[in-house]
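Participant: Quick one, model-v1.cif (mmCIF, C-alpha atoms):
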```cif
data_data
#
loop_
_atom_site.label_atom_id
_atom_site.label_comp_id
_atom_site.auth_asym_id
_atom_site.auth_seq_id
_atom_site.Cartn_x
_atom_site.Cartn_y
_atom_site.Cartn_z
CA SER A 1 110.20 155.07 -35.22
CA CYS A 2 106.71 156.33 -36.03
CA ALA A 3 106.78 154.56 -39.40
CA GLY A 4 107.79 151.25 -37.84
CA TRP A 5 105.06 151.47 -35.22
CA ARG A 6 102.35 152.41 -37.72
CA GLY A 7 103.33 149.62 -40.08
CA SER A 8 103.45 146.79 -37.55
CA HIS A 9 100.55 148.00 -35.41
CA ASN A 10 98.14 148.38 -38.32
CA VAL A 11 98.94 144.86 -39.50
CA HIS A 12 98.56 143.58 -35.93
CA HIS A 13 95.05 145.00 -35.72
CA VAL A 14 93.99 143.44 -39.01
CA SER A 15 95.43 139.97 -38.27
CA CYS A 16 95.59 139.83 -34.48
CA ASN A 17 97.43 136.68 -33.29
CA SER A 18 97.74 135.11 -36.72
CA LEU A 19 100.96 133.10 -36.64
CA GLU A 20 101.85 133.95 -40.23
CA HIS A 21 100.68 137.57 -40.39
CA ASP A 22 100.83 139.27 -36.97
CA PRO A 23 104.31 140.74 -36.31
CA ASP A 24 103.48 141.36 -32.64
CA ILE A 25 103.67 137.63 -31.85
CA GLN A 26 106.56 136.76 -34.18
CA HIS A 27 109.57 136.87 -31.87
CA MET A 28 111.52 133.75 -32.74
CA PRO A 29 114.22 132.78 -31.91
CA ILE A 30 113.68 134.44 -28.50
CA PHE A 31 109.99 133.91 -27.73
CA ALA A 32 107.40 131.43 -28.95
CA VAL A 33 103.92 132.48 -27.84
CA SER A 34 102.23 129.32 -29.11
CA GLU A 35 103.08 125.63 -29.24
CA GLU A 36 101.74 125.62 -32.81
CA ILE A 37 104.90 127.46 -33.87
CA PHE A 38 106.83 124.22 -33.33
CA ASN A 39 104.68 122.09 -35.65
CA GLU A 40 106.29 123.27 -38.87
CA ASP A 41 108.25 126.20 -40.28
CA PHE A 42 106.13 129.05 -41.65
CA TYR A 43 106.62 132.25 -43.63
CA SER A 44 106.11 135.65 -42.00
CA THR A 45 104.32 137.91 -44.47
CA PHE A 46 105.34 141.00 -42.47
CA HIS A 47 109.04 140.28 -41.94
CA LYS A 48 109.27 138.50 -45.31
CA ARG A 49 111.28 135.58 -43.98
CA TRP A 50 110.81 132.01 -42.79
CA ILE A 51 110.30 131.38 -39.09
CA ARG A 52 112.31 128.25 -38.32
CA LYS A 53 113.29 126.14 -35.33
CA ASP A 54 117.06 126.16 -35.00
CA ALA A 55 119.61 125.66 -32.23
CA ALA A 56 119.36 129.29 -31.07
CA ALA A 57 115.58 129.08 -30.85
CA ARG A 58 115.81 125.74 -29.08
CA PHE A 59 118.01 127.22 -26.35
CA LEU A 60 116.34 130.62 -25.91
CA VAL A 61 112.72 129.49 -26.11
CA SER A 62 113.42 126.66 -23.67
CA TYR A 63 114.06 129.32 -21.01
CA GLN A 64 111.70 132.03 -22.24
CA HIS A 65 109.64 132.07 -19.04
CA TRP A 66 112.81 133.03 -17.16
CA LEU A 67 114.09 135.42 -19.82
CA PHE A 68 110.84 137.31 -20.41
CA TYR A 69 111.14 140.03 -17.76
CA PRO A 70 114.89 140.67 -18.17
CA ILE A 71 114.41 141.03 -21.91
CA MET A 72 111.43 143.36 -21.44
CA ALA A 73 113.63 145.56 -19.25
CA PHE A 74 115.89 146.28 -22.24
CA ALA A 75 113.37 145.87 -25.08
CA ARG A 76 113.41 149.60 -25.80
CA PHE A 77 116.94 149.32 -27.18
CA ASN A 78 115.70 146.77 -29.71
CA LEU A 79 113.06 149.25 -30.88
CA TYR A 80 115.78 151.82 -31.48
CA ALA A 81 117.72 149.35 -33.62
CA GLN A 82 114.63 148.25 -35.55
CA GLY A 83 113.77 151.88 -36.24
CA PHE A 84 117.14 152.63 -37.83
CA ILE A 85 117.09 149.36 -39.80
CA LEU A 86 113.74 150.40 -41.27
CA MET A 87 114.84 153.96 -41.99
CA PHE A 88 117.87 152.88 -44.03
CA ASN A 89 116.20 149.97 -45.82
CA GLU A 90 115.42 151.31 -49.28
CA ASN A 91 113.23 148.29 -50.03
CA GLU A 92 110.69 149.41 -47.42
CA VAL A 93 108.20 152.19 -48.11
CA VAL A 94 108.52 154.88 -45.44
CA TRP A 95 106.32 157.98 -45.57
CA ARG A 96 108.52 161.10 -45.37
CA ARG A 97 111.64 159.07 -44.71
CA LYS A 98 113.93 162.10 -44.32
CA TRP A 99 111.70 163.60 -41.61
CA GLU A 100 111.59 160.23 -39.83
CA ILE A 101 115.39 160.02 -39.83
CA LEU A 102 115.66 163.64 -38.67
CA SER A 103 113.23 163.05 -35.79
CA GLU A 104 115.12 159.95 -34.64
CA LEU A 105 118.44 161.76 -34.75
CA GLY A 106 116.86 164.64 -32.83
CA PHE A 107 115.64 162.23 -30.16
CA PHE A 108 119.09 160.76 -29.67
CA ALA A 109 120.72 164.20 -29.70
CA TRP A 110 118.34 165.30 -26.93
CA ASN A 111 119.15 162.21 -24.85
CA ILE A 112 122.89 162.66 -25.30
CA ALA A 113 122.57 166.32 -24.30
CA LEU A 114 120.59 165.30 -21.21
CA LEU A 115 123.28 162.82 -20.17
CA ALA A 116 125.97 165.39 -20.82
CA TYR A 117 124.42 167.70 -18.22
CA PHE A 118 124.91 165.15 -15.45
CA PRO A 119 127.57 166.45 -13.05
CA SER A 120 130.95 164.81 -13.48
CA GLU A 121 131.84 164.88 -9.78
CA THR A 122 129.39 162.53 -8.03
CA SER A 123 129.63 159.74 -5.48
CA LEU A 124 129.30 157.18 -8.28
CA GLY A 125 131.38 159.00 -10.83
CA GLY A 126 130.06 160.84 -13.87
CA TRP A 127 129.92 158.03 -16.43
CA LYS A 128 128.57 155.51 -13.90
CA GLU A 129 125.69 157.78 -12.95
CA ARG A 130 124.88 158.45 -16.60
CA LEU A 131 124.87 154.73 -17.36
CA LEU A 132 122.74 153.99 -14.31
CA TYR A 133 120.19 156.62 -15.31
CA LEU A 134 120.05 155.28 -18.86
CA LEU A 135 119.48 151.68 -17.72
CA ILE A 136 116.96 152.43 -14.96
CA SER A 137 114.89 154.74 -17.15
CA HIS A 138 114.66 152.09 -19.86
CA MET A 139 113.92 149.33 -17.36
CA LEU A 140 110.97 151.34 -16.05
CA ALA A 141 109.80 151.83 -19.62
CA GLY A 142 109.88 148.03 -19.88
CA VAL A 143 106.63 147.96 -17.88
CA LEU A 144 104.95 149.26 -21.04
CA HIS A 145 106.30 146.31 -23.04
CA VAL A 146 105.03 143.87 -20.41
CA GLN A 147 101.58 145.50 -20.52
CA ILE A 148 101.40 145.10 -24.29
CA CYS A 149 102.54 141.47 -24.17
CA LEU A 150 99.93 140.64 -21.53
CA SER A 151 97.23 141.63 -23.99
CA HIS A 152 97.93 138.87 -26.51
CA PHE A 153 100.76 136.45 -25.70
CA ALA A 154 98.64 133.97 -23.71
CA ARG A 155 95.57 134.21 -25.90
CA GLU A 156 94.40 132.05 -28.80
CA THR A 157 96.47 131.94 -31.98
CA TYR A 158 95.57 130.64 -35.43
CA HIS A 159 97.04 129.95 -38.86
CA GLY A 160 96.32 132.07 -41.92
CA LYS A 161 93.51 134.59 -42.11
CA ALA A 162 90.43 135.02 -39.93
CA TYR A 163 87.00 136.46 -40.73
CA ASN A 164 85.90 133.51 -42.85
CA GLY A 165 82.48 132.95 -41.26
CA ASP A 166 80.36 133.26 -38.13
CA GLU A 167 82.82 131.35 -35.93
CA ASP A 168 85.74 133.68 -36.59
CA GLU A 169 84.01 136.92 -37.49
CA TRP A 170 85.46 140.26 -36.38
CA PHE A 171 83.92 140.68 -32.93
CA ARG A 172 84.53 137.11 -31.78
CA MET A 173 88.15 137.12 -32.93
CA GLN A 174 88.99 140.33 -31.06
CA CYS A 175 87.59 138.78 -27.87
CA ARG A 176 89.32 135.43 -28.41
CA THR A 177 92.76 136.88 -29.14
CA THR A 178 92.84 139.73 -26.62
CA LEU A 179 92.97 140.14 -22.83
CA ASN A 180 91.86 143.07 -20.69
CA ILE A 181 93.40 144.00 -17.35
CA ASP A 182 90.82 144.37 -14.58
CA CYS A 183 91.60 147.44 -12.47
CA PRO A 184 89.75 150.22 -10.61
CA TRP A 185 89.02 153.51 -12.37
CA TRP A 186 91.77 155.37 -10.51
CA MET A 187 94.37 153.11 -12.16
CA ASP A 188 93.28 154.11 -15.68
CA TRP A 189 95.89 156.85 -15.92
CA PHE A 190 98.72 154.47 -14.98
CA HIS A 191 97.67 151.89 -17.57
CA GLY A 192 97.17 154.57 -20.23
CA GLY A 193 94.15 152.84 -21.74
CA LEU A 194 96.13 149.71 -22.56
CA GLN A 195 94.10 147.75 -20.01
CA PHE A 196 91.09 147.98 -22.35
CA GLN A 197 92.66 146.10 -25.26
CA ILE A 198 89.44 144.38 -26.34
CA GLU A 199 87.65 147.70 -26.71
CA HIS A 200 90.71 149.22 -28.35
CA HIS A 201 90.72 146.44 -30.95
CA LEU A 202 87.01 146.83 -31.60
CA TRP A 203 87.27 150.65 -31.92
CA PRO A 204 90.96 151.54 -32.58
CA ARG A 205 90.27 155.28 -32.80
CA LEU A 206 88.12 155.51 -29.67
CA PRO A 207 89.68 158.01 -27.19
CA ARG A 208 91.03 156.34 -24.06
CA HIS A 209 88.71 158.28 -21.72
CA ASN A 210 85.74 156.53 -23.35
CA LEU A 211 87.12 153.00 -23.13
CA ARG A 212 85.75 152.23 -19.65
CA ARG A 213 82.23 153.16 -20.78
CA ALA A 214 82.71 151.08 -23.94
CA GLN A 215 83.75 148.13 -21.75
CA GLN A 216 80.33 148.07 -20.11
CA LEU A 217 78.67 147.84 -23.52
CA VAL A 218 81.01 145.09 -24.73
CA LYS A 219 80.59 143.02 -21.57
CA ALA A 220 76.80 143.17 -21.90
CA PHE A 221 77.00 142.21 -25.57
CA CYS A 222 79.32 139.28 -24.82
CA LYS A 223 76.99 138.01 -22.11
CA LYS A 224 73.99 138.26 -24.42
CA HIS A 225 75.67 136.30 -27.24
CA ASP A 226 77.68 133.87 -25.06
CA VAL A 227 81.12 135.20 -26.06
CA THR A 228 83.96 134.79 -23.55
CA TYR A 229 85.28 138.11 -22.28
CA HIS A 230 88.86 137.73 -21.00
CA ASN A 231 89.47 140.14 -18.10
CA LEU A 232 92.09 139.42 -15.40
CA PRO A 233 93.70 141.44 -12.60
CA TRP A 234 97.29 142.56 -13.20
CA ILE A 235 99.00 139.89 -11.09
CA GLU A 236 96.80 137.03 -12.35
CA ALA A 237 97.54 138.09 -15.92
CA GLN A 238 101.29 137.95 -15.16
CA VAL A 239 100.95 134.44 -13.72
CA GLU A 240 98.92 133.26 -16.71
CA LEU A 241 101.51 134.66 -19.13
CA VAL A 242 104.48 133.05 -17.39
CA GLN A 243 102.68 129.70 -17.19
CA HIS A 244 101.82 129.96 -20.88
CA LEU A 245 105.44 130.72 -21.81
CA ARG A 246 106.66 127.88 -19.60
CA LYS A 247 104.31 125.39 -21.27
CA ALA A 248 105.66 126.32 -24.68
CA ALA A 249 109.24 126.25 -23.37
CA LEU A 250 108.89 122.71 -22.04
CA LYS A 251 107.49 121.54 -25.37
CA MET A 252 110.43 123.10 -27.20
CA ARG A 253 112.85 121.18 -24.98
CA ALA A 254 111.20 117.92 -26.01
CA ILE A 255 111.51 118.59 -29.75
CA ASP A 256 114.30 116.95 -31.73
CA LEU A 257 115.75 119.33 -34.30
#
```
Would you write the structure of this file as structure tokens?

Facilitator:
Amino acid sequence: SCAGWRGSHNVHHVSCNSLEHDPDIQHMPIFAVSEEIFNEDFYSTFHKRWIRKDAAARFLVSYQHWLFYPIMAFARFNLYAQGFILMFNENEVVWRRKWEILSELGFFAWNIALLAYFPSETSLGGWKERLLYLLISHMLAGVLHVQICLSHFARETYHGKAYNGDEDEWFRMQCRTTLNIDCPWWMDWFHGGLQFQIEHHLWPRLPRHNLRRAQQLVKAFCKKHDVTYHNLPWIEAQVELVQHLRKAALKMRAIDL
């Protein structure tokens, strides 16, 4: 839902990669993006619940580097469920709740109508072809989820709040907690601007067609002030992410609950 995205994404920008405050890296019991998660239980200020290590987390996180891509292929269905949970939770403040619910119902009505127009007499059979279309279309959309995870999962995390002094001031923290994807200009349309996550975090409202120009300015500024600028090609970023998840998974296996 729009309300769910606005709520979590705004908090993510303010507290990027904070273990206690950033909902975009709080995916227990399925994923643990940092080994620090295992040190002690902590309270999520966004989800308003304790993040704990239990038997389910022990099993799932131990294999997270194998489960990551299959789960991303079907992650869109989780967003649907989270949207409806938010819409019907009266304890959460949702701007124009009725319009949000109406728009979600309209989206699902449109999808059902689309599936209904599939011909019944096909080589696969009507319902099989509809199911296949539904799964493949969502699996392709899973590339978007992978792109978003690449931006932060393997980067530095921290406890509590940042912006306490020169060492963790705004600019440095966006560079330390965020990764860019290095690609030629003609790939910009395919990435949709998500490859310039550092610039996006520094200027959230900057139009995507200006992000490549902004990157040049940020790179020069980082070089001048000796700030590390994380920028990896697509495949290298995938390898780094899987290795990072594997490292955390192996540590989880060694923990006694």

Participant: Can you give me, as a PyMOL selection string, the residues this file yields under the PyMOL selection byres ((chain A and resi 21-35) around 7)?

Facilitator: chain A and resi 8+11-12+15-20+36-38+44-46+51+56-57+60-61+64+153-154+157+245+248

Participant: Please, could you write that set of residues out with C-alpha atoms as a short mmCIF file (atom, residue, chain, number, x, y, z; two decimals), in the coordinates of the input?

Facilitator:
```cif
data_model
loop_
_atom_site.label_atom_id
_atom_site.label_comp_id
_atom_site.auth_asym_id
_atom_site.auth_seq_id
_atom_site.Cartn_x
_atom_site.Cartn_y
_atom_site.Cartn_z
CA SER A 8 103.45 146.79 -37.55
CA VAL A 11 98.94 144.86 -39.50
CA HIS A 12 98.56 143.58 -35.93
CA SER A 15 95.43 139.97 -38.27
CA CYS A 16 95.59 139.83 -34.48
CA ASN A 17 97.43 136.68 -33.29
CA SER A 18 97.74 135.11 -36.72
CA LEU A 19 100.96 133.10 -36.64
CA GLU A 20 101.85 133.95 -40.23
CA GLU A 36 101.74 125.62 -32.81
CA ILE A 37 104.90 127.46 -33.87
CA PHE A 38 106.83 124.22 -33.33
CA SER A 44 106.11 135.65 -42.00
CA THR A 45 104.32 137.91 -44.47
CA PHE A 46 105.34 141.00 -42.47
CA ILE A 51 110.30 131.38 -39.09
CA ALA A 56 119.36 129.29 -31.07
CA ALA A 57 115.58 129.08 -30.85
CA LEU A 60 116.34 130.62 -25.91
CA VAL A 61 112.72 129.49 -26.11
CA GLN A 64 111.70 132.03 -22.24
CA PHE A 153 100.76 136.45 -25.70
CA ALA A 154 98.64 133.97 -23.71
CA THR A 157 96.47 131.94 -31.98
CA LEU A 245 105.44 130.72 -21.81
CA ALA A 248 105.66 126.32 -24.68
#
```

Participant: For the file shown, report as a list in words the outcome of the PyMOL selection byres ((chain A and resi 234) around 10) at residue level.

Facilitator: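 Answer for the PyMOL selection byres ((chain A and resi 234) around 10): Gln147, Leu150, Asn180, Ile181, Asp182, Cys183, Gln195, Asn231, Leu232, Pro233, Ile235, Glu236, Ala237, Gln238 and Val239 of chain A.
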
Participant: Work out how far CA of His13 (chain A) is from CA of Val227 (chain A), in Å to one decimal.

Facilitator: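 Value for the CA of Val227 (chain A)-CA of His13 (chain A) distance: 19.6 Å.
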
Participant: Name the closest residue to Asn39 (chain A) among the candidates A:His191, A:Ile148, A:Lys53, A:His9; distances are taken between atoms, counting all atoms listed in the file.

Facilitator: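 Looking only at the distances to Asn39 (chain A), the closest residue turns out to be A:Lys53.
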
Participant: Kindly provide, as a list in words, the polymer residues lying within 12 Å of (113.5, 118.7, -24.9), counting all atoms listed in the file and using the coordinates exactly as they appear in the file.

Facilitator: Ala55, Arg58, Phe59, Val61, Ser62, Tyr63, Lys247, Ala248, Ala249, Leu250, Lys251, Met252, Arg253, Ala254, Ile255, Asp256 and Leu257 of chain A

Participant: For C-alpha atoms, I'd like the residues from the last selection saved as a tab-separated table (two decimals), keeping the file's coordinate frame.

Facilitator:
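part21.tsv, written as the output of this step:
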```tsv
chain	number	residue	atom	x	y	z
A	55	ALA	CA	119.61	125.66	-32.23
A	58	ARG	CA	115.81	125.74	-29.08
A	59	PHE	CA	118.01	127.22	-26.35
A	61	VAL	CA	112.72	129.49	-26.11
A	62	SER	CA	113.42	126.66	-23.67
A	63	TYR	CA	114.06	129.32	-21.01
A	247	LYS	CA	104.31	125.39	-21.27
A	248	ALA	CA	105.66	126.32	-24.68
A	249	ALA	CA	109.24	126.25	-23.37
A	250	LEU	CA	108.89	122.71	-22.04
A	251	LYS	CA	107.49	121.54	-25.37
A	252	MET	CA	110.43	123.10	-27.20
A	253	ARG	CA	112.85	121.18	-24.98
A	254	ALA	CA	111.20	117.92	-26.01
A	255	ILE	CA	111.51	118.59	-29.75
A	256	ASP	CA	114.30	116.95	-31.73
A	257	LEU	CA	115.75	119.33	-34.30
```

Participant: CA of Leu179 (chain A) to CA of His230 (chain A): how many Å, to one decimal?

Facilitator: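 According to the coordinates, CA of Leu179 (chain A) and CA of His230 (chain A) are separated by 5.1 Å.
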
Participant: What is the CA of His209 (chain A) to CA of Trp186 (chain A) distance in Å?

Facilitator: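 Separating CA of His209 (chain A) from CA of Trp186 (chain A) is a distance of 12.0 Å.
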
Participant: Is it possible to get the residues within 12 Å of (107.0, 149.7, -15.8) (coordinates as in the file, counting all atoms listed in the file) written as a VMD selection string?

Facilitator: chain A and resid 69 72 to 76 136 to 148 190 to 192

Participant: With distances taken over only C-alpha atoms, which residue among A:Ala220, A:Ala162, A:Leu194, A:Met87 lies nearest Arg208 (chain A)?

Facilitator: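 The closest residue to Arg208 (chain A) is A:Leu194.
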
Participant: Which neighbours of Val218 (chain A) fall inside 10 Å, counting only C-alpha atoms, when residues of the same chain fewer than 2 positions from it are skipped, and could you give them as number ranges by chain?

Facilitator: A: 171, 175, 198-199, 202, 212-216, 220-224, 227, 229

Participant: Got a sec: who's within 12 Å of Lys98 (chain A), counting all atoms listed in the file, leaving out chain neighbours fewer than 5 positions off, as a list in words?

Facilitator: Ala3, Phe84, Met87, Phe88, Glu90, Ser103, Glu104 and Leu105 of chain A

Participant: Kindly indicate which residue among A:Tyr133, A:Gly4, A:Arg96, A:Glu240 lies nearest to Leu114 (chain A), using only C-alpha atoms for the distances.

Facilitator: A:Tyr133

Participant: Quick check on the file I pasted: which residues fall under the PyMOL selection byres ((chain A and resi 163) around 12)? Write them as an NGL selection string.

Facilitator: :A and (14-16 or 18 or 158 or 160-162 or 164-174)

Participant: For region 68-82 of chain A, what centre and edge lengths in Å (one decimal) does the axis-aligned box get once 4 Å is added on each side of all its listed atoms, as lines of an AutoDock Vina configuration file?

Facilitator:
```
center_x = 114.3
center_y = 144.6
center_z = -26.7
size_x = 14.9
size_y = 22.5
size_z = 25.8
```

Participant: List as a PyMOL selection string the protein and nucleic acid residues near region 128-131 of chain A, meaning an atom at most 12 Å away when all atoms listed in the file are counted, but skip any in the same chain fewer than 2 places from it.

Facilitator: chain A and resi 111-126+133-138

Participant: Atoms are missing here; could region 50-75 of chain A be completed with N, CA, C and O atoms and written as a PDB file, keeping the file's coordinate frame?

Facilitator:
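Ended up saving to part.pdb:
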```
ATOM      1  N   TRP A  50     111.310 133.237 -43.393  1.00  0.00           N
ATOM      2  CA  TRP A  50     110.810 132.010 -42.790  1.00  0.00           C
ATOM      3  C   TRP A  50     111.101 131.989 -41.296  1.00  0.00           C
ATOM      4  O   TRP A  50     112.181 132.387 -40.865  1.00  0.00           O
ATOM      5  N   ILE A  51     110.135 131.566 -40.525  1.00  0.00           N
ATOM      6  CA  ILE A  51     110.300 131.380 -39.090  1.00  0.00           C
ATOM      7  C   ILE A  51     110.637 129.905 -38.863  1.00  0.00           C
ATOM      8  O   ILE A  51     109.804 129.024 -39.122  1.00  0.00           O
ATOM      9  N   ARG A  52     111.848 129.636 -38.426  1.00  0.00           N
ATOM     10  CA  ARG A  52     112.310 128.250 -38.320  1.00  0.00           C
ATOM     11  C   ARG A  52     112.747 127.929 -36.882  1.00  0.00           C
ATOM     12  O   ARG A  52     113.086 128.807 -36.096  1.00  0.00           O
ATOM     13  N   LYS A  53     112.762 126.644 -36.600  1.00  0.00           N
ATOM     14  CA  LYS A  53     113.290 126.140 -35.330  1.00  0.00           C
ATOM     15  C   LYS A  53     114.751 125.765 -35.542  1.00  0.00           C
ATOM     16  O   LYS A  53     115.065 124.868 -36.325  1.00  0.00           O
ATOM     17  N   ASP A  54     115.642 126.476 -34.885  1.00  0.00           N
ATOM     18  CA  ASP A  54     117.060 126.160 -35.000  1.00  0.00           C
ATOM     19  C   ASP A  54     117.657 126.037 -33.595  1.00  0.00           C
ATOM     20  O   ASP A  54     116.940 126.088 -32.588  1.00  0.00           O
ATOM     21  N   ALA A  55     118.964 125.869 -33.521  1.00  0.00           N
ATOM     22  CA  ALA A  55     119.610 125.660 -32.230  1.00  0.00           C
ATOM     23  C   ALA A  55     119.445 126.864 -31.307  1.00  0.00           C
ATOM     24  O   ALA A  55     119.234 126.718 -30.101  1.00  0.00           O
ATOM     25  N   ALA A  56     119.526 128.079 -31.878  1.00  0.00           N
ATOM     26  CA  ALA A  56     119.360 129.290 -31.070  1.00  0.00           C
ATOM     27  C   ALA A  56     117.959 129.356 -30.487  1.00  0.00           C
ATOM     28  O   ALA A  56     117.766 129.656 -29.299  1.00  0.00           O
ATOM     29  N   ALA A  57     116.962 129.070 -31.323  1.00  0.00           N
ATOM     30  CA  ALA A  57     115.580 129.080 -30.850  1.00  0.00           C
ATOM     31  C   ALA A  57     115.357 127.996 -29.806  1.00  0.00           C
ATOM     32  O   ALA A  57     114.662 128.215 -28.806  1.00  0.00           O
ATOM     33  N   ARG A  58     115.956 126.843 -30.036  1.00  0.00           N
ATOM     34  CA  ARG A  58     115.810 125.740 -29.080  1.00  0.00           C
ATOM     35  C   ARG A  58     116.300 126.160 -27.688  1.00  0.00           C
ATOM     36  O   ARG A  58     115.648 125.907 -26.673  1.00  0.00           O
ATOM     37  N   PHE A  59     117.439 126.827 -27.637  1.00  0.00           N
ATOM     38  CA  PHE A  59     118.010 127.220 -26.350  1.00  0.00           C
ATOM     39  C   PHE A  59     117.213 128.362 -25.711  1.00  0.00           C
ATOM     40  O   PHE A  59     116.819 128.283 -24.541  1.00  0.00           O
ATOM     41  N   LEU A  60     116.973 129.436 -26.467  1.00  0.00           N
ATOM     42  CA  LEU A  60     116.340 130.620 -25.910  1.00  0.00           C
ATOM     43  C   LEU A  60     114.883 130.376 -25.514  1.00  0.00           C
ATOM     44  O   LEU A  60     114.451 130.755 -24.418  1.00  0.00           O
ATOM     45  N   VAL A  61     114.123 129.747 -26.400  1.00  0.00           N
ATOM     46  CA  VAL A  61     112.720 129.490 -26.110  1.00  0.00           C
ATOM     47  C   VAL A  61     112.564 128.534 -24.935  1.00  0.00           C
ATOM     48  O   VAL A  61     111.615 128.643 -24.157  1.00  0.00           O
ATOM     49  N   SER A  62     113.496 127.617 -24.772  1.00  0.00           N
ATOM     50  CA  SER A  62     113.420 126.660 -23.670  1.00  0.00           C
ATOM     51  C   SER A  62     113.467 127.350 -22.303  1.00  0.00           C
ATOM     52  O   SER A  62     113.036 126.774 -21.298  1.00  0.00           O
ATOM     53  N   TYR A  63     113.976 128.580 -22.272  1.00  0.00           N
ATOM     54  CA  TYR A  63     114.060 129.320 -21.010  1.00  0.00           C
ATOM     55  C   TYR A  63     113.310 130.655 -21.094  1.00  0.00           C
ATOM     56  O   TYR A  63     113.570 131.565 -20.309  1.00  0.00           O
ATOM     57  N   GLN A  64     112.362 130.749 -22.006  1.00  0.00           N
ATOM     58  CA  GLN A  64     111.700 132.030 -22.240  1.00  0.00           C
ATOM     59  C   GLN A  64     110.919 132.540 -21.035  1.00  0.00           C
ATOM     60  O   GLN A  64     110.783 133.755 -20.843  1.00  0.00           O
ATOM     61  N   HIS A  65     110.392 131.636 -20.218  1.00  0.00           N
ATOM     62  CA  HIS A  65     109.640 132.070 -19.040  1.00  0.00           C
ATOM     63  C   HIS A  65     110.554 132.692 -17.992  1.00  0.00           C
ATOM     64  O   HIS A  65     110.090 133.455 -17.126  1.00  0.00           O
ATOM     65  N   TRP A  66     111.839 132.387 -18.031  1.00  0.00           N
ATOM     66  CA  TRP A  66     112.810 133.030 -17.160  1.00  0.00           C
ATOM     67  C   TRP A  66     113.375 134.304 -17.794  1.00  0.00           C
ATOM     68  O   TRP A  66     113.729 135.268 -17.109  1.00  0.00           O
ATOM     69  N   LEU A  67     113.475 134.310 -19.110  1.00  0.00           N
ATOM     70  CA  LEU A  67     114.090 135.420 -19.820  1.00  0.00           C
ATOM     71  C   LEU A  67     113.128 136.580 -20.087  1.00  0.00           C
ATOM     72  O   LEU A  67     113.575 137.693 -20.399  1.00  0.00           O
ATOM     73  N   PHE A  68     111.832 136.321 -19.982  1.00  0.00           N
ATOM     74  CA  PHE A  68     110.840 137.310 -20.410  1.00  0.00           C
ATOM     75  C   PHE A  68     111.034 138.667 -19.760  1.00  0.00           C
ATOM     76  O   PHE A  68     111.196 139.682 -20.450  1.00  0.00           O
ATOM     77  N   TYR A  69     111.051 138.730 -18.435  1.00  0.00           N
ATOM     78  CA  TYR A  69     111.140 140.030 -17.760  1.00  0.00           C
ATOM     79  C   TYR A  69     112.492 140.714 -17.943  1.00  0.00           C
ATOM     80  O   TYR A  69     112.534 141.937 -18.172  1.00  0.00           O
ATOM     81  N   PRO A  70     113.609 139.993 -17.867  1.00  0.00           N
ATOM     82  CA  PRO A  70     114.890 140.670 -18.170  1.00  0.00           C
ATOM     83  C   PRO A  70     114.949 141.250 -19.572  1.00  0.00           C
ATOM     84  O   PRO A  70     115.474 142.361 -19.775  1.00  0.00           O
ATOM     85  N   ILE A  71     114.400 140.519 -20.536  1.00  0.00           N
ATOM     86  CA  ILE A  71     114.410 141.030 -21.910  1.00  0.00           C
ATOM     87  C   ILE A  71     113.498 142.243 -22.037  1.00  0.00           C
ATOM     88  O   ILE A  71     113.830 143.227 -22.721  1.00  0.00           O
ATOM     89  N   MET A  72     112.334 142.212 -21.392  1.00  0.00           N
ATOM     90  CA  MET A  72     111.430 143.360 -21.440  1.00  0.00           C
ATOM     91  C   MET A  72     112.077 144.612 -20.847  1.00  0.00           C
ATOM     92  O   MET A  72     111.784 145.730 -21.260  1.00  0.00           O
ATOM     93  N   ALA A  73     112.966 144.425 -19.877  1.00  0.00           N
ATOM     94  CA  ALA A  73     113.630 145.560 -19.250  1.00  0.00           C
ATOM     95  C   ALA A  73     114.514 146.328 -20.231  1.00  0.00           C
ATOM     96  O   ALA A  73     114.758 147.526 -20.053  1.00  0.00           O
ATOM     97  N   PHE A  74     114.995 145.640 -21.261  1.00  0.00           N
ATOM     98  CA  PHE A  74     115.890 146.280 -22.240  1.00  0.00           C
ATOM     99  C   PHE A  74     115.309 146.266 -23.650  1.00  0.00           C
ATOM    100  O   PHE A  74     116.021 146.518 -24.619  1.00  0.00           O
ATOM    101  N   ALA A  75     113.995 145.986 -23.757  1.00  0.00           N
ATOM    102  CA  ALA A  75     113.370 145.870 -25.080  1.00  0.00           C
ATOM    103  C   ALA A  75     113.373 147.185 -25.849  1.00  0.00           C
ATOM    104  O   ALA A  75     113.340 147.185 -27.081  1.00  0.00           O
TER     105      ALA A  75
END
```
